[in-house]
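J.: Below you will find the structure I want to go over with you.
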Amino acid sequence: MLPHKKIESTLQAAVRAVLADADVSAILVRPCDPKFGDYQSNALMSLAKTRKLNPRQLATDVLTKLDVSAVCEKVEIAGAGFLNFRLKNTALTQTLEAAARGEHLFFDKAAQPKTVVIDFSSPNVAKPMHVGHIRSTGIGDALQRTLRLLGHRVISDNHIGDWGTQFGKLLLGWKQILNRADLERDAIAELERLYKVINAECDANPLRLEEAKSELVKLQAGDAENVAIWKEMIALSQKQFDTIYGRLGVKFDFALGESFYNPWLGEVVADLLTRGIARESEGAVGVFSDGTLPPKEDPFLVNRDGEWVADPALVRKSDGGFNYTTTDLATIDYRLKTWSPDEIIYVVDDRQSGHFKKFFLIFGRWKPDAAKTTKLVHVGFGKIMGDDGKPFKTRSGDTVKLGELLDEAEERAYKIVSEKSAELPEAQRKEIARVIGLGAVKYADLLPNRQSDYIFSWDKMLALQGNTAPYLVYAYARIKSIFRKQNSEFRIQNSELKLAAPEELTLAKHLLNFGLTLEAVAEELRPNYLCNYLFELAGKFTSFYENCPVLKAEDEATKNSRLALCDLTARVLKQGLETLGIETVEQM
RNA sequence: GCGCCCGUAGCUCAGUUGGAUAGAGCACCUGCCUUCUAAGCAGGUUGUCGCGCGUUCGAUUCGCGCCGGGCGCACCA
């Protein structure tokens with residue numbers, strides 16, 4: 001068991017011994033400022049507060065029941081009632097030696113694995129994936145990797161936009177203005193052109209719009225020709241998706257598009273009507289406020305000039321078509337029946353938070369039993385901005401295509417690699433540039449708190465100094481370099497650690513917090529915690545690297561101990577980056 | 001108008017149940033390569049945490065009210 005968990009469970013038992021009825025699940029032990037110790041708990045203060053006890057007295061009482069001498073020095077009470085823990089050197093080295101033997105990598109599998117459906121990326125058919133998709137795709141992938149690493153059962157599902165009114169226009173364009181040669185050269189660009197041309201025509205001419213609508217109606221009715229064209233458009237799009245996901249290294253367990261749920265949409269609406277959850281209004285069918293929430297908190301109400309008026313979620317349009325709330329409901333029904341998840345995570349732009357608020361409430365009304373056992377979470381994120389503070393666009397004002405963005409990342413990285421490591425063969429420089437370029441884009445996207453907007457900057461993400469992917473991969477490559485240089489056979493499994501230098505101790509202690517960080521990422525669904533942990537790890541490693549010679553250590557025992565420390569650091573760096581969806585290189 | 005999100009160093013951003021003297025990178029200054037990758041390291045400078053009030057032993061964090069920015073408000077998703 002990792003030392004901090006040992007401390008935590010022992011502390012919880014001690015608290016229970018003092019206050020038998022206390023809820024000890026909130027009694028946590030966290031890393032702290034080294035001047036106070038290695039770990040700290042401030043939980044006794046809030047516990048004392050709710051019970052109107054003297055916090056320092058409570059701490060003293062708990063301390064008499066607390067024996068953590070196996071892993072800690074004497075526990076200290078500090079300030080208003082903090083408990084400060086300092087690890088024993090033996091506990092530290094034993095934990096590292098166990099890791100060296102391959103018994104763990106500073107994290108534990110979840111005691112109670114959850115089944116989690118994670119819905120992310122969701123590109124649209126017939127449209128190019130653009131820079132915005134990096135957010136849902138990167139965050140979603142990092143989360144699925146984290147949850148899997150911690151032993152949860154994860155079902156990733158790409159809810160592709162393969163259905164909707166845009167297909168009327170696309171079908172019309174396909175039939176009337178399709179350029180076959182262009183389609184073969186660049187299918188997505190041609191499909192995009194079709195849509196733009198017809199869309200403009202429809203805006204200008206109601207008759208064109210009617211034509212497009214009738215194509216849509218035919219598709220919906222199962223017209224053989226239209227269905228065949230629609231399927232071809234999906235197939236062409238899928239090629240694009242496969243290429244992009246292949247480059248990004250993102251995998252899905254399922255890619256059940258919106259159209260998959262078509263057969264059940266009518267039933268969903270009928271069921272909502274039968275149960276009195278939805279009702280007809282102005283020819284459409286919608287879910288309205290049930291009056292159980294105060295108006296301010298009720299997403300089904302909106303204030304217009306001082307009056308609260310209905311703002312329903314429509315589930316059927318007046319023309320009989322369905323809305324995306326309907327699809328989302330059919331989708332959740334399918335997911336419940338198929339996987340019985342404990343949790344469903346939607347990694348979707350924050351601008352849709354209103355939709356999710358309504359959708360989650362409808363779910364609660366529609367499936368009250370399931371709502372008790374399945375938690376729905378909207379993992380929202382902000383926009384990517386250009387350096388002018390406006391949404392990130394190309395110079396000509398178009399959206400930035402994801403494929404082109406990744407190309408540019410690799411090109412820019414290649415220039416830098418060629419400059420810094422001109423001696424490496426071209427093929428290797430290309431491979432380094434691929435890893436660094438893609439890693440830089442992904443890392444820059446995962447680093448900020450996901451809910452805030454961030455400014456896209458090539459220079460910052462590709463910089464070798466600062467909190468960037470190149471810096472982290474560089475730290476990894478330097479460790480690997482040591483192992484290439486050393487002559488004798490080094491066997492990590494038999495390593496005995498002896499930690500003396502402050503840099504060694506600081507690095508070693510930081511390794512111990514890998515699992516804590518992974519758990520925080522899984523708990524709050526925030527990959528940036530892991531980014532910051534790895535940045536600190538790389539920093540502590542380079543500090544160690546500068547101050548503690550490894551291959552030229554004063555004696556063999558120190559050398560082997562340091563080699564082991566290097567190896568463990570490399571493993572955590574590699575595992576951590578991999579969990580963020582970022583590859584590493586052995587040399588750069 | 002109403003709701004949601006945001007406001008932290010000159011710039012870009014972190015800040016994990018409310019916790020100890022609020023952190024990092026960039027920029028700026030000073031050192032360190034005949035020694036494991038200097039794409040690096042060590043040190044220095046930088047703050048009314050938008051403003052005010054409240055809750056608390058303790059508030060960047062919670063509540064209320066302002067100010068400033070972004071986004072969303074029935075047949076698109």
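We name chains A, B, ... following the order of the structure tokens; residues begin at 1 in each chain, and ligands are numbered from 1 as shown.
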Can you list, as a PyMOL selection string, every protein, DNA or RNA residue that comes within 12 Å of A:Glu297 when you count only C-alpha atoms (C1' of nucleotides), leaving out same-chain residues fewer than 6 positions away?

T.: (chain A and resi 289+291+303+308+354+357-358+361) or (chain B and resi 2-4)

J.: May I have the selected residues written with N, CA and C atoms (P, O5', C5', C4', C3', O3' and C1' of nucleotides), as a PDB file, in the first residue's frame?

T.:
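And here is the file that came out, result23.pdb:
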```pdb
ATOM      1  N   SER A 289     -41.387  23.000 -18.139  1.00  0.00           N
ATOM      2  CA  SER A 289     -41.133  23.045 -16.698  1.00  0.00           C
ATOM      3  C   SER A 289     -42.203  22.259 -15.947  1.00  0.00           C
ATOM      4  N   GLY A 291     -42.413  22.787 -12.725  1.00  0.00           N
ATOM      5  CA  GLY A 291     -42.672  23.661 -11.586  1.00  0.00           C
ATOM      6  C   GLY A 291     -42.019  23.241 -10.287  1.00  0.00           C
ATOM      7  N   ASN A 303     -36.556  34.314 -18.660  1.00  0.00           N
ATOM      8  CA  ASN A 303     -37.163  35.587 -18.303  1.00  0.00           C
ATOM      9  C   ASN A 303     -37.136  36.543 -19.483  1.00  0.00           C
ATOM     10  N   TRP A 308     -41.519  35.327 -16.546  1.00  0.00           N
ATOM     11  CA  TRP A 308     -40.964  33.996 -16.795  1.00  0.00           C
ATOM     12  C   TRP A 308     -41.838  33.282 -17.832  1.00  0.00           C
ATOM     13  N   GLY A 354     -26.635  24.478 -21.379  1.00  0.00           N
ATOM     14  CA  GLY A 354     -28.082  24.639 -21.229  1.00  0.00           C
ATOM     15  C   GLY A 354     -28.834  23.414 -21.702  1.00  0.00           C
ATOM     16  N   LYS A 357     -28.373  20.608 -19.155  1.00  0.00           N
ATOM     17  CA  LYS A 357     -29.159  20.816 -17.948  1.00  0.00           C
ATOM     18  C   LYS A 357     -30.583  20.296 -18.165  1.00  0.00           C
ATOM     19  N   LYS A 358     -31.164  20.681 -19.292  1.00  0.00           N
ATOM     20  CA  LYS A 358     -32.522  20.233 -19.609  1.00  0.00           C
ATOM     21  C   LYS A 358     -32.565  18.726 -19.806  1.00  0.00           C
ATOM     22  N   LEU A 361     -32.372  16.742 -16.650  1.00  0.00           N
ATOM     23  CA  LEU A 361     -33.624  16.811 -15.893  1.00  0.00           C
ATOM     24  C   LEU A 361     -34.708  15.942 -16.530  1.00  0.00           C
TER      25      LEU A 361
ATOM     26  P     C B   2     -32.418  41.345 -15.616  1.00  0.00           P
ATOM     27  O5'   C B   2     -32.514  39.785 -15.933  1.00  0.00           O
ATOM     28  C5'   C B   2     -33.645  39.033 -15.495  1.00  0.00           C
ATOM     29  C4'   C B   2     -33.566  37.635 -16.037  1.00  0.00           C
ATOM     30  C3'   C B   2     -32.286  36.876 -15.713  1.00  0.00           C
ATOM     31  O3'   C B   2     -32.299  36.339 -14.395  1.00  0.00           O
ATOM     32  C1'   C B   2     -32.797  36.582 -18.001  1.00  0.00           C
ATOM     33  P     G B   3     -30.893  36.147 -13.627  1.00  0.00           P
ATOM     34  O5'   G B   3     -30.299  34.839 -14.323  1.00  0.00           O
ATOM     35  C5'   G B   3     -30.967  33.591 -14.187  1.00  0.00           C
ATOM     36  C4'   G B   3     -30.371  32.582 -15.120  1.00  0.00           C
ATOM     37  C3'   G B   3     -28.883  32.343 -14.953  1.00  0.00           C
ATOM     38  O3'   G B   3     -28.621  31.427 -13.905  1.00  0.00           O
ATOM     39  C1'   G B   3     -29.369  32.604 -17.247  1.00  0.00           C
ATOM     40  P     C B   4     -27.191  31.485 -13.151  1.00  0.00           P
ATOM     41  O5'   C B   4     -26.210  30.835 -14.215  1.00  0.00           O
ATOM     42  C5'   C B   4     -26.282  29.449 -14.527  1.00  0.00           C
ATOM     43  C4'   C B   4     -25.284  29.108 -15.606  1.00  0.00           C
ATOM     44  C3'   C B   4     -23.841  29.494 -15.299  1.00  0.00           C
ATOM     45  O3'   C B   4     -23.188  28.532 -14.484  1.00  0.00           O
ATOM     46  C1'   C B   4     -24.386  30.214 -17.485  1.00  0.00           C
TER      47        C B   4
END
```

J.: DSSP says strand (DSSP E) for which residues of stretch 252-366 of chain A? Put them as a ChimeraX atom specification?

T.: /A:278-281,284-287,301-304,307-310,313-316,343-347

J.: Which residues come within 12 Å of B:A9, counting only C-alpha atoms (C1' of nucleotides), excluding same-chain residues fewer than 6 positions away, as number ranges by chain?

T.: B: 22-27, 45-47, 49

J.: Write out as a list in words which residues come within 7 Å of A:Ile345 when counting only C-alpha atoms (C1' of nucleotides), dropping same-chain ones fewer than 5 positions away.

T.: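 Once the nearby chain positions are removed, what remains is Val117, Ile118, Asp119, Leu376, Val377, His378 and Val379 of chain A.
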
J.: When you look at B:C32 with a cut-off of 12 Å (counting only C-alpha atoms (C1' of nucleotides)), what residues show up, excluding the ones that are within fewer than 5 positions of it in the same chain? I need them as a PDB file with N, CA and C atoms (P, O5', C5', C4', C3', O3' and C1' of nucleotides), in the first residue's frame.

T.:
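Output file around_38.pdb follows:
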```pdb
ATOM      1  N   GLU A 546      21.018  17.654 -12.800  1.00  0.00           N
ATOM      2  CA  GLU A 546      22.091  18.649 -12.776  1.00  0.00           C
ATOM      3  C   GLU A 546      22.999  18.481 -11.555  1.00  0.00           C
ATOM      4  N   ASN A 547      22.393  18.029 -10.483  1.00  0.00           N
ATOM      5  CA  ASN A 547      23.131  18.015  -9.220  1.00  0.00           C
ATOM      6  C   ASN A 547      23.681  16.658  -8.800  1.00  0.00           C
TER       7      ASN A 547
ATOM      8  P     A B  38      23.125  19.134 -21.321  1.00  0.00           P
ATOM      9  O5'   A B  38      22.699  20.565 -21.850  1.00  0.00           O
ATOM     10  C5'   A B  38      21.336  20.867 -22.070  1.00  0.00           C
ATOM     11  C4'   A B  38      21.247  22.243 -22.690  1.00  0.00           C
ATOM     12  C3'   A B  38      22.133  22.384 -23.919  1.00  0.00           C
ATOM     13  O3'   A B  38      21.494  23.205 -24.883  1.00  0.00           O
ATOM     14  C1'   A B  38      22.726  24.001 -22.300  1.00  0.00           C
ATOM     15  P     G B  40      15.246  24.581 -22.545  1.00  0.00           P
ATOM     16  O5'   G B  40      16.076  23.834 -21.412  1.00  0.00           O
ATOM     17  C5'   G B  40      15.673  22.556 -20.915  1.00  0.00           C
ATOM     18  C4'   G B  40      16.723  22.050 -19.964  1.00  0.00           C
ATOM     19  C3'   G B  40      16.858  22.841 -18.669  1.00  0.00           C
ATOM     20  O3'   G B  40      15.915  22.418 -17.707  1.00  0.00           O
ATOM     21  C1'   G B  40      18.994  22.543 -19.618  1.00  0.00           C
ATOM     22  P     C B  41      15.372  23.426 -16.604  1.00  0.00           P
ATOM     23  O5'   C B  41      16.626  23.556 -15.647  1.00  0.00           O
ATOM     24  C5'   C B  41      17.060  22.431 -14.881  1.00  0.00           C
ATOM     25  C4'   C B  41      18.289  22.792 -14.106  1.00  0.00           C
ATOM     26  C3'   C B  41      18.123  23.933 -13.113  1.00  0.00           C
ATOM     27  O3'   C B  41      17.552  23.485 -11.905  1.00  0.00           O
ATOM     28  C1'   C B  41      20.080  24.283 -14.375  1.00  0.00           C
ATOM     29  P     A B  42      16.652  24.468 -11.031  1.00  0.00           P
ATOM     30  O5'   A B  42      17.759  25.409 -10.378  1.00  0.00           O
ATOM     31  C5'   A B  42      18.705  24.872  -9.473  1.00  0.00           C
ATOM     32  C4'   A B  42      19.647  25.950  -9.037  1.00  0.00           C
ATOM     33  C3'   A B  42      18.980  27.234  -8.551  1.00  0.00           C
ATOM     34  O3'   A B  42      18.531  27.125  -7.225  1.00  0.00           O
ATOM     35  C1'   A B  42      20.726  27.768 -10.046  1.00  0.00           C
ATOM     36  P     G B  43      17.175  27.903  -6.791  1.00  0.00           P
ATOM     37  O5'   G B  43      17.599  29.432  -6.853  1.00  0.00           O
ATOM     38  C5'   G B  43      18.486  29.949  -5.874  1.00  0.00           C
ATOM     39  C4'   G B  43      18.965  31.306  -6.267  1.00  0.00           C
ATOM     40  C3'   G B  43      17.930  32.417  -6.366  1.00  0.00           C
ATOM     41  O3'   G B  43      17.504  32.884  -5.100  1.00  0.00           O
ATOM     42  C1'   G B  43      19.466  32.608  -8.153  1.00  0.00           C
TER      43        G B  43
END
```

J.: Considering only C-alpha atoms (C1' of nucleotides), state which residue in the set A:Phe85, A:Phe254, A:Trp339, A:Phe381 is at the smallest distance from chain B.

T.: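 Between A:Phe85, A:Phe254, A:Trp339, A:Phe381, the residue approaching chain B most closely is A:Phe381.
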
J.: Show me which bits of chain B are within 10 Å of chain A, counting only C-alpha atoms (C1' of nucleotides), as number ranges by chain.

T.: B: 1-6, 12-14, 16-20, 24-26, 35-37, 39-42, 56-58, 70-77

J.: State, in Å with one decimal place, the distance from atom CA of A:Ala98 to atom CA of A:Val154.

T.: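 Computed distance, atom CA of A:Ala98 to atom CA of A:Val154, equals 28.3 Å.
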
J.: So which bits of stretch 302-460 of chain A end up helix (DSSP H, G or I) when you DSSP the backbone, as number ranges by chain?

T.: A: 324-339, 350-366, 368-373, 402-420, 426-446, 458-460

J.: Here is a test: counting only C-alpha atoms, which residue of A:Leu96, A:Ala235, A:Leu171, A:Met385 is nearest to A:Asp223?

T.: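 Of all the options, A:Leu171 lies closest to A:Asp223.
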
J.: Could you check how far atom CA of A:Gly403 sits from atom CA of A:Glu583, in Å to one decimal?

T.: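 Calculated distance between atom CA of A:Gly403 and atom CA of A:Glu583 is 18.4 Å.
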
J.: Can you tell me, as a CSV table (one decimal) with all heavy atoms, in the first residue's frame, what residues are no more than 12 Å from B:G63 when counting only C-alpha atoms (C1' of nucleotides), ignoring any on the same chain fewer than 6 positions away?

T.:
```csv
chain,number,residue,atom,x,y,z
B,53,C,P,-15.8,46.4,2.5
B,53,C,OP1,-15.6,47.3,3.6
B,53,C,OP2,-14.8,45.4,2.1
B,53,C,O5',-17.2,45.6,2.7
B,53,C,C5',-18.3,46.3,3.3
B,53,C,C4',-19.5,45.3,3.2
B,53,C,O4',-19.7,44.8,1.9
B,53,C,C3',-19.4,44.1,4.1
B,53,C,O3',-19.7,44.4,5.5
B,53,C,C2',-20.5,43.2,3.5
B,53,C,O2',-21.8,43.6,3.8
B,53,C,C1',-20.3,43.5,2.0
B,53,C,N1,-19.4,42.5,1.4
B,53,C,C2,-19.9,41.2,1.1
B,53,C,O2,-21.1,41.0,1.3
B,53,C,N3,-19.1,40.3,0.6
B,53,C,C4,-17.8,40.5,0.4
B,53,C,N4,-17.0,39.6,-0.1
B,53,C,C5,-17.2,41.8,0.7
B,53,C,C6,-18.0,42.7,1.2
B,54,G,P,-19.0,43.4,6.6
B,54,G,OP1,-19.4,43.9,7.9
B,54,G,OP2,-17.6,43.2,6.3
B,54,G,O5',-19.8,42.0,6.4
B,54,G,C5',-21.2,41.9,6.7
B,54,G,C4',-21.7,40.5,6.2
B,54,G,O4',-21.3,40.3,4.8
B,54,G,C3',-21.1,39.3,6.9
B,54,G,O3',-21.7,39.1,8.2
B,54,G,C2',-21.4,38.2,5.9
B,54,G,O2',-22.8,37.8,6.0
B,54,G,C1',-21.2,38.9,4.6
B,54,G,N9,-19.9,38.6,4.0
B,54,G,C8,-18.8,39.5,3.9
B,54,G,N7,-17.8,38.9,3.3
B,54,G,C5,-18.2,37.6,3.0
B,54,G,C6,-17.5,36.5,2.4
B,54,G,O6,-16.4,36.5,2.0
B,54,G,N1,-18.3,35.4,2.3
B,54,G,C2,-19.6,35.3,2.8
B,54,G,N2,-20.3,34.1,2.6
B,54,G,N3,-20.3,36.3,3.4
B,54,G,C4,-19.5,37.4,3.5
B,55,U,P,-20.9,38.3,9.3
B,55,U,OP1,-21.7,38.4,10.6
B,55,U,OP2,-19.5,38.8,9.3
B,55,U,O5',-20.8,36.8,8.8
B,55,U,C5',-22.0,36.0,8.8
B,55,U,C4',-21.7,34.6,8.3
B,55,U,O4',-21.3,34.7,6.9
B,55,U,C3',-20.6,34.0,9.1
B,55,U,O3',-21.0,33.4,10.3
B,55,U,C2',-20.2,32.9,8.0
B,55,U,O2',-21.0,31.8,8.0
B,55,U,C1',-20.3,33.7,6.7
B,55,U,N1,-19.1,34.3,6.3
B,55,U,C2,-18.1,33.5,5.6
B,55,U,O2,-18.4,32.4,5.3
B,55,U,N3,-17.0,34.2,5.2
B,55,U,C4,-16.7,35.5,5.5
B,55,U,O4,-15.6,35.9,5.1
B,55,U,C5,-17.7,36.2,6.2
B,55,U,C6,-18.8,35.6,6.6
```

J.: Have a look at atom CA of A:Leu92 and atom CA of A:Ser488 and let me know their distance in Å, one decimal.

T.: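 Spanning atom CA of A:Leu92 to atom CA of A:Ser488 is a straight-line distance of 26.7 Å.
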